[in-house]
Amino acid sequence: MPDYLARVEIFRANSEEYVGLHEGMEALGLKRTIEGQNAMNKLPIGTYYGYSDLDTQDLSKRVLEVARPFSLPSEPLVIVSQSLGWAGWLEPV
């Protein structure tokens, strides 16, 4: 199963709507954390990482479907990319 990194921006959302977004993304297998060499790390707000059997195009459509109800009246912004590795400086969980 490929690894994916997704970034979602929703508009005019409150904290309850963000909870719904996070739950929907987790249902797709995408979480707000990423495992590093020494610890589990928090991803920046609106960024998700996980595994999926879907291809990049299909997963991006599913992410859009999950995010859309939480970003009214504007469409959410979504980008999904397949990840072969990562490097960064993140806050441990």
# chains A, B, ... in the order shown; residues from 1 in each chain; ligands from 1

call {"tool": "select_by_dssp", "arguments": {"residues": "chain A", "states": "helix (DSSP H, G or I)", "output": "ChimeraX atom specification"}}
result
/A:15-27,56-70

call {"tool": "residues_around", "arguments": {"residues": "stretch 63-78 of chain A", "least_positions_apart": "5", "cutoff": "6 Å", "atoms": "only C-alpha atoms", "output": "MDAnalysis selection string"}}
result
chainID A and resid 7:11 17 24

call {"tool": "atom_distance", "arguments": {"atom1": "atom CA of A:Pro2", "atom2": "atom CA of A:Lys42"}}
result
20.3 Å

call {"tool": "closest_residue", "arguments": {"among": "A:Val19, A:Leu28, A:Val93, A:Leu5", "to": "A:Asp53", "atoms": "only C-alpha atoms"}}
result
A:Leu28

call {"tool": "select_by_dssp", "arguments": {"residues": "chain A", "states": "strand (DSSP E)", "output": "list in words"}}
result
Asp3, Tyr4, Leu5, Ala6, Arg7, Val8, Glu9, Leu30, Lys31, Thr33, Ile34, Glu35, Met40, Asn41, Lys42, Thr47, Tyr48, Tyr49, Gly50, Tyr51, Leu77, Val78, Ile79, Val80, Ser81, Gln82 and Ser83 of chain A

call {"tool": "write_last_selection", "arguments": {"atoms": "N, CA and C atoms", "output": "mmCIF file, in the first residue's frame"}}
result
data_model
loop_
_atom_site.group_PDB
_atom_site.id
_atom_site.type_symbol
_atom_site.label_atom_id
_atom_site.label_comp_id
_atom_site.auth_asym_id
_atom_site.auth_seq_id
_atom_site.Cartn_x
_atom_site.Cartn_y
_atom_site.Cartn_z
ATOM 1 N N ASP A 3 2.162 5.122 0.639
ATOM 2 C CA ASP A 3 2.020 6.176 1.649
ATOM 3 C C ASP A 3 1.564 7.443 0.933
ATOM 4 N N TYR A 4 0.714 8.211 1.615
ATOM 5 C CA TYR A 4 0.234 9.470 1.050
ATOM 6 C C TYR A 4 0.350 10.588 2.068
ATOM 7 N N LEU A 5 0.605 11.780 1.565
ATOM 8 C CA LEU A 5 0.568 12.999 2.347
ATOM 9 C C LEU A 5 -0.528 13.861 1.742
ATOM 10 N N ALA A 6 -1.439 14.322 2.582
ATOM 11 C CA ALA A 6 -2.555 15.143 2.104
ATOM 12 C C ALA A 6 -2.596 16.446 2.889
ATOM 13 N N ARG A 7 -2.945 17.512 2.200
ATOM 14 C CA ARG A 7 -3.130 18.824 2.829
ATOM 15 C C ARG A 7 -4.522 19.291 2.475
ATOM 16 N N VAL A 8 -5.267 19.709 3.507
ATOM 17 C CA VAL A 8 -6.645 20.154 3.331
ATOM 18 C C VAL A 8 -6.804 21.518 3.988
ATOM 19 N N GLU A 9 -7.416 22.450 3.272
ATOM 20 C CA GLU A 9 -7.764 23.740 3.858
ATOM 21 C C GLU A 9 -9.264 23.925 3.707
ATOM 22 N N LEU A 30 -5.960 8.300 6.909
ATOM 23 C CA LEU A 30 -5.036 9.429 6.969
ATOM 24 C C LEU A 30 -5.106 10.068 8.353
ATOM 25 N N LYS A 31 -3.958 10.209 9.002
ATOM 26 C CA LYS A 31 -3.899 10.707 10.374
ATOM 27 C C LYS A 31 -3.112 12.002 10.455
ATOM 28 N N THR A 33 -0.662 12.522 12.433
ATOM 29 C CA THR A 33 0.661 12.216 12.970
ATOM 30 C C THR A 33 1.461 11.416 11.948
ATOM 31 N N ILE A 34 2.775 11.415 12.151
ATOM 32 C CA ILE A 34 3.669 10.646 11.290
ATOM 33 C C ILE A 34 4.783 10.078 12.165
ATOM 34 N N GLU A 35 5.165 8.847 11.887
ATOM 35 C CA GLU A 35 6.205 8.206 12.687
ATOM 36 C C GLU A 35 7.584 8.610 12.192
ATOM 37 N N MET A 40 6.718 9.470 17.515
ATOM 38 C CA MET A 40 5.557 9.844 16.718
ATOM 39 C C MET A 40 5.497 11.371 16.741
ATOM 40 N N ASN A 41 5.246 11.985 15.590
ATOM 41 C CA ASN A 41 5.275 13.438 15.469
ATOM 42 C C ASN A 41 3.945 13.988 14.987
ATOM 43 N N LYS A 42 3.616 15.203 15.460
ATOM 44 C CA LYS A 42 2.426 15.918 14.996
ATOM 45 C C LYS A 42 2.728 16.546 13.643
ATOM 46 N N THR A 47 -2.707 18.870 7.717
ATOM 47 C CA THR A 47 -1.848 17.926 7.010
ATOM 48 C C THR A 47 -2.073 16.528 7.570
ATOM 49 N N TYR A 48 -2.165 15.556 6.684
ATOM 50 C CA TYR A 48 -2.493 14.179 7.074
ATOM 51 C C TYR A 48 -1.551 13.225 6.349
ATOM 52 N N TYR A 49 -1.301 12.079 6.994
ATOM 53 C CA TYR A 49 -0.401 11.083 6.423
ATOM 54 C C TYR A 49 -0.984 9.698 6.670
ATOM 55 N N GLY A 50 -0.852 8.818 5.694
ATOM 56 C CA GLY A 50 -1.331 7.459 5.901
ATOM 57 C C GLY A 50 -1.160 6.605 4.664
ATOM 58 N N TYR A 51 -1.805 5.462 4.713
ATOM 59 C CA TYR A 51 -1.706 4.449 3.658
ATOM 60 C C TYR A 51 -3.073 4.252 3.019
ATOM 61 N N LEU A 77 -9.717 23.407 -0.257
ATOM 62 C CA LEU A 77 -8.511 23.221 -1.061
ATOM 63 C C LEU A 77 -7.884 21.899 -0.642
ATOM 64 N N VAL A 78 -7.519 21.063 -1.606
ATOM 65 C CA VAL A 78 -7.007 19.717 -1.326
ATOM 66 C C VAL A 78 -5.834 19.415 -2.245
ATOM 67 N N ILE A 79 -4.778 18.863 -1.674
ATOM 68 C CA ILE A 79 -3.693 18.295 -2.466
ATOM 69 C C ILE A 79 -3.295 16.971 -1.814
ATOM 70 N N VAL A 80 -3.078 15.973 -2.645
ATOM 71 C CA VAL A 80 -2.662 14.649 -2.182
ATOM 72 C C VAL A 80 -1.464 14.228 -3.019
ATOM 73 N N SER A 81 -0.421 13.747 -2.347
ATOM 74 C CA SER A 81 0.731 13.236 -3.093
ATOM 75 C C SER A 81 1.188 11.918 -2.487
ATOM 76 N N GLN A 82 1.679 11.062 -3.360
ATOM 77 C CA GLN A 82 2.242 9.798 -2.903
ATOM 78 C C GLN A 82 3.626 10.092 -2.327
ATOM 79 N N SER A 83 3.921 9.473 -1.204
ATOM 80 C CA SER A 83 5.156 9.769 -0.486
ATOM 81 C C SER A 83 6.090 8.564 -0.489
#

call {"tool": "closest_residue", "arguments": {"among": "A:Ile45, A:Leu84, A:Ala39, A:Met25", "to": "A:Leu59", "atoms": "only C-alpha atoms"}}
result
A:Met25

call {"tool": "closest_residue", "arguments": {"among": "A:Arg62, A:Gly46, A:Gly36, A:Thr56", "to": "A:Trp86", "atoms": "only C-alpha atoms"}}
result
A:Gly36

call {"tool": "atom_distance", "arguments": {"atom1": "atom CA of A:Ala27", "atom2": "atom CA of A:Leu54"}}
result
13.3 Å

call {"tool": "closest_residue", "arguments": {"among": "A:Gly20, A:Asp58, A:Pro44, A:Ser52", "to": "A:Gly88", "atoms": "only C-alpha atoms"}}
result
A:Pro44

call {"tool": "decode", "arguments": {"residues": "stretch 20-50 of chain A", "atoms": "N, CA and C atoms", "output": "CSV table (one decimal), in the first residue's frame"}}
result
chain,number,residue,atom,x,y,z
A,20,GLY,N,-15.0,16.8,12.9
A,20,GLY,CA,-15.6,16.0,11.9
A,20,GLY,C,-14.6,15.7,10.7
A,21,LEU,N,-13.9,16.7,10.3
A,21,LEU,CA,-12.9,16.5,9.2
A,21,LEU,C,-11.8,15.5,9.7
A,22,HIS,N,-11.3,15.6,10.9
A,22,HIS,CA,-10.3,14.7,11.3
A,22,HIS,C,-10.8,13.3,11.4
A,23,GLU,N,-12.1,13.1,11.8
A,23,GLU,CA,-12.7,11.8,11.9
A,23,GLU,C,-12.8,11.2,10.5
A,24,GLY,N,-13.3,12.0,9.5
A,24,GLY,CA,-13.4,11.6,8.2
A,24,GLY,C,-12.1,11.2,7.5
A,25,MET,N,-11.1,12.0,7.8
A,25,MET,CA,-9.8,11.7,7.2
A,25,MET,C,-9.2,10.4,7.9
A,26,GLU,N,-9.4,10.2,9.1
A,26,GLU,CA,-9.0,8.9,9.8
A,26,GLU,C,-9.7,7.7,9.2
A,27,ALA,N,-11.0,7.9,8.8
A,27,ALA,CA,-11.7,6.8,8.2
A,27,ALA,C,-11.1,6.4,6.8
A,28,LEU,N,-10.4,7.4,6.2
A,28,LEU,CA,-9.7,7.1,4.9
A,28,LEU,C,-8.3,6.6,5.2
A,29,GLY,N,-7.9,6.5,6.4
A,29,GLY,CA,-6.6,6.0,6.8
A,29,GLY,C,-5.5,7.0,6.9
A,30,LEU,N,-6.0,8.3,6.9
A,30,LEU,CA,-5.0,9.4,7.0
A,30,LEU,C,-5.1,10.1,8.4
A,31,LYS,N,-4.0,10.2,9.0
A,31,LYS,CA,-3.9,10.7,10.4
A,31,LYS,C,-3.1,12.0,10.5
A,32,ARG,N,-3.2,12.7,11.6
A,32,ARG,CA,-2.5,13.9,11.8
A,32,ARG,C,-1.1,13.8,12.4
A,33,THR,N,-0.7,12.5,12.4
A,33,THR,CA,0.7,12.2,13.0
A,33,THR,C,1.5,11.4,11.9
A,34,ILE,N,2.8,11.4,12.2
A,34,ILE,CA,3.7,10.6,11.3
A,34,ILE,C,4.8,10.1,12.2
A,35,GLU,N,5.2,8.8,11.9
A,35,GLU,CA,6.2,8.2,12.7
A,35,GLU,C,7.6,8.6,12.2
A,36,GLY,N,8.4,9.1,13.1
A,36,GLY,CA,9.8,9.5,12.8
A,36,GLY,C,10.7,8.4,13.3
A,37,GLN,N,12.0,8.6,13.2
A,37,GLN,CA,13.0,7.6,13.7
A,37,GLN,C,12.9,7.4,15.2
A,38,ASN,N,12.6,8.4,15.9
A,38,ASN,CA,12.6,8.3,17.4
A,38,ASN,C,11.3,8.5,18.1
A,39,ALA,N,10.3,9.0,17.4
A,39,ALA,CA,9.1,9.3,18.0
A,39,ALA,C,7.9,9.5,17.0
A,40,MET,N,6.7,9.5,17.5
A,40,MET,CA,5.6,9.8,16.7
A,40,MET,C,5.5,11.4,16.7
A,41,ASN,N,5.2,12.0,15.6
A,41,ASN,CA,5.3,13.4,15.5
A,41,ASN,C,3.9,14.0,15.0
A,42,LYS,N,3.6,15.2,15.5
A,42,LYS,CA,2.4,15.9,15.0
A,42,LYS,C,2.7,16.5,13.6
A,43,LEU,N,1.8,16.5,12.8
A,43,LEU,CA,1.9,17.2,11.5
A,43,LEU,C,1.3,18.6,11.6
A,44,PRO,N,1.7,19.5,10.7
A,44,PRO,CA,1.1,20.8,10.7
A,44,PRO,C,-0.4,20.8,10.5
A,45,ILE,N,-1.1,21.8,11.0
A,45,ILE,CA,-2.6,21.8,10.9
A,45,ILE,C,-3.0,21.6,9.4
A,46,GLY,N,-4.0,20.7,9.3
A,46,GLY,CA,-4.5,20.5,7.9
A,46,GLY,C,-3.7,19.5,7.1
A,47,THR,N,-2.7,18.9,7.7
A,47,THR,CA,-1.8,17.9,7.0
A,47,THR,C,-2.1,16.5,7.6
A,48,TYR,N,-2.2,15.6,6.7
A,48,TYR,CA,-2.5,14.2,7.1
A,48,TYR,C,-1.6,13.2,6.3
A,49,TYR,N,-1.3,12.1,7.0
A,49,TYR,CA,-0.4,11.1,6.4
A,49,TYR,C,-1.0,9.7,6.7
A,50,GLY,N,-0.9,8.8,5.7
A,50,GLY,CA,-1.3,7.5,5.9
A,50,GLY,C,-1.2,6.6,4.7
